[in-house]
Amino acid sequence: MEPLTVRISTAVQLTGISRSRLYELIQSGDLETVKVGRTTLIPYKSLKTLTGV
């Protein structure tokens, strides 16, 4: 079963994309995020779309 969202640190491990590059993709709107309190989460489907998987 796939997770609904992942933390930034997990996204770095899953994709191999650097933390700073992920934040650039978030700022440009190429990567969706969900804020829960102070935590930034990335929808798993958004990562899959970004990487073409």
# chains A, B, ... in the order shown; residues from 1 in each chain; ligands from 1
call {"tool": "select_by_dssp", "arguments": {"residues": "chain A", "states": "strand (DSSP E)", "output": "list in words"}}
result
Thr5, Val6, Arg7, Val34, Lys35, Val36, Thr39, Thr40, Leu41, Ile42 and Pro43 of chain A
call {"tool": "residues_around", "arguments": {"residues": "Ser9 of chain A", "least_positions_apart": "3", "cutoff": "10 Å", "atoms": "only C-alpha atoms", "output": "ChimeraX atom specification"}}
result
/A:6,12-14,18-19,22,41
call {"tool": "atom_distance", "arguments": {"atom1": "atom CA of Gly37 of chain A", "atom2": "atom CA of Pro3 of chain A"}}
result
18.9 Å
call {"tool": "select_by_dssp", "arguments": {"residues": "chain A", "states": "helix (DSSP H, G or I)", "output": "PyMOL selection string"}}
result
chain A and resi 8-15+19-28+44-51
call {"tool": "write_last_selection", "arguments": {"atoms": "N, CA and C atoms", "output": "PDB file, in the first residue's frame"}}
result
ATOM      1  N   ILE A   8       9.472  15.683   3.621  1.00  0.00           N
ATOM      2  CA  ILE A   8      10.548  16.117   2.721  1.00  0.00           C
ATOM      3  C   ILE A   8      11.733  15.156   2.799  1.00  0.00           C
ATOM      4  N   SER A   9      12.132  14.780   4.001  1.00  0.00           N
ATOM      5  CA  SER A   9      13.289  13.891   4.160  1.00  0.00           C
ATOM      6  C   SER A   9      13.069  12.547   3.466  1.00  0.00           C
ATOM      7  N   THR A  10      11.854  12.036   3.521  1.00  0.00           N
ATOM      8  CA  THR A  10      11.540  10.776   2.848  1.00  0.00           C
ATOM      9  C   THR A  10      11.539  10.963   1.337  1.00  0.00           C
ATOM     10  N   ALA A  11      11.030  12.098   0.876  1.00  0.00           N
ATOM     11  CA  ALA A  11      11.022  12.391  -0.565  1.00  0.00           C
ATOM     12  C   ALA A  11      12.446  12.453  -1.118  1.00  0.00           C
ATOM     13  N   VAL A  12      13.371  13.006  -0.334  1.00  0.00           N
ATOM     14  CA  VAL A  12      14.777  13.057  -0.741  1.00  0.00           C
ATOM     15  C   VAL A  12      15.311  11.637  -0.923  1.00  0.00           C
ATOM     16  N   GLN A  13      15.024  10.761   0.021  1.00  0.00           N
ATOM     17  CA  GLN A  13      15.499   9.375  -0.053  1.00  0.00           C
ATOM     18  C   GLN A  13      14.861   8.620  -1.213  1.00  0.00           C
ATOM     19  N   LEU A  14      13.565   8.823  -1.424  1.00  0.00           N
ATOM     20  CA  LEU A  14      12.853   8.090  -2.472  1.00  0.00           C
ATOM     21  C   LEU A  14      13.269   8.509  -3.875  1.00  0.00           C
ATOM     22  N   THR A  15      13.502   9.804  -4.062  1.00  0.00           N
ATOM     23  CA  THR A  15      13.755  10.314  -5.411  1.00  0.00           C
ATOM     24  C   THR A  15      15.225  10.513  -5.745  1.00  0.00           C
ATOM     25  N   ARG A  19      17.478  18.062  -1.160  1.00  0.00           N
ATOM     26  CA  ARG A  19      16.495  18.793  -0.354  1.00  0.00           C
ATOM     27  C   ARG A  19      16.264  20.200  -0.926  1.00  0.00           C
ATOM     28  N   SER A  20      17.342  20.880  -1.294  1.00  0.00           N
ATOM     29  CA  SER A  20      17.200  22.240  -1.823  1.00  0.00           C
ATOM     30  C   SER A  20      16.468  22.238  -3.165  1.00  0.00           C
ATOM     31  N   ARG A  21      16.722  21.252  -3.991  1.00  0.00           N
ATOM     32  CA  ARG A  21      16.027  21.152  -5.283  1.00  0.00           C
ATOM     33  C   ARG A  21      14.539  20.873  -5.075  1.00  0.00           C
ATOM     34  N   LEU A  22      14.197  20.045  -4.093  1.00  0.00           N
ATOM     35  CA  LEU A  22      12.788  19.789  -3.783  1.00  0.00           C
ATOM     36  C   LEU A  22      12.086  21.083  -3.386  1.00  0.00           C
ATOM     37  N   TYR A  23      12.749  21.888  -2.559  1.00  0.00           N
ATOM     38  CA  TYR A  23      12.154  23.162  -2.168  1.00  0.00           C
ATOM     39  C   TYR A  23      11.998  24.100  -3.365  1.00  0.00           C
ATOM     40  N   GLU A  24      12.934  24.060  -4.310  1.00  0.00           N
ATOM     41  CA  GLU A  24      12.802  24.850  -5.541  1.00  0.00           C
ATOM     42  C   GLU A  24      11.585  24.392  -6.346  1.00  0.00           C
ATOM     43  N   LEU A  25      11.384  23.085  -6.439  1.00  0.00           N
ATOM     44  CA  LEU A  25      10.241  22.540  -7.166  1.00  0.00           C
ATOM     45  C   LEU A  25       8.925  22.917  -6.482  1.00  0.00           C
ATOM     46  N   ILE A  26       8.942  22.964  -5.166  1.00  0.00           N
ATOM     47  CA  ILE A  26       7.754  23.384  -4.413  1.00  0.00           C
ATOM     48  C   ILE A  26       7.466  24.858  -4.691  1.00  0.00           C
ATOM     49  N   GLN A  27       8.506  25.697  -4.625  1.00  0.00           N
ATOM     50  CA  GLN A  27       8.331  27.132  -4.866  1.00  0.00           C
ATOM     51  C   GLN A  27       7.822  27.428  -6.275  1.00  0.00           C
ATOM     52  N   SER A  28       8.279  26.655  -7.253  1.00  0.00           N
ATOM     53  CA  SER A  28       7.865  26.880  -8.646  1.00  0.00           C
ATOM     54  C   SER A  28       6.483  26.314  -8.944  1.00  0.00           C
ATOM     55  N   TYR A  44       2.172  11.643  -2.301  1.00  0.00           N
ATOM     56  CA  TYR A  44       2.951  10.610  -2.989  1.00  0.00           C
ATOM     57  C   TYR A  44       2.680  10.633  -4.494  1.00  0.00           C
ATOM     58  N   LYS A  45       1.431  10.870  -4.867  1.00  0.00           N
ATOM     59  CA  LYS A  45       1.096  10.913  -6.298  1.00  0.00           C
ATOM     60  C   LYS A  45       1.816  12.051  -7.013  1.00  0.00           C
ATOM     61  N   SER A  46       2.093  13.152  -6.300  1.00  0.00           N
ATOM     62  CA  SER A  46       2.809  14.261  -6.887  1.00  0.00           C
ATOM     63  C   SER A  46       4.274  13.875  -7.171  1.00  0.00           C
ATOM     64  N   LEU A  47       4.881  13.101  -6.271  1.00  0.00           N
ATOM     65  CA  LEU A  47       6.231  12.595  -6.503  1.00  0.00           C
ATOM     66  C   LEU A  47       6.272  11.648  -7.697  1.00  0.00           C
ATOM     67  N   LYS A  48       5.272  10.779  -7.778  1.00  0.00           N
ATOM     68  CA  LYS A  48       5.219   9.843  -8.899  1.00  0.00           C
ATOM     69  C   LYS A  48       5.060  10.583 -10.226  1.00  0.00           C
ATOM     70  N   THR A  49       4.254  11.621 -10.243  1.00  0.00           N
ATOM     71  CA  THR A  49       4.073  12.426 -11.450  1.00  0.00           C
ATOM     72  C   THR A  49       5.372  13.122 -11.826  1.00  0.00           C
ATOM     73  N   LEU A  50       6.054  13.670 -10.840  1.00  0.00           N
ATOM     74  CA  LEU A  50       7.320  14.374 -11.080  1.00  0.00           C
ATOM     75  C   LEU A  50       8.373  13.453 -11.669  1.00  0.00           C
ATOM     76  N   THR A  51       8.461  12.237 -11.148  1.00  0.00           N
ATOM     77  CA  THR A  51       9.496  11.313 -11.598  1.00  0.00           C
ATOM     78  C   THR A  51       9.062  10.459 -12.796  1.00  0.00           C
TER      79      THR A  51
END
call {"tool": "atom_distance", "arguments": {"atom1": "atom CA of Met1 of chain A", "atom2": "atom CA of Pro43 of chain A"}}
result
14.1 Å
call {"tool": "atom_distance", "arguments": {"atom1": "atom CA of Thr39 of chain A", "atom2": "atom CA of Leu4 of chain A"}}
result
14.6 Å
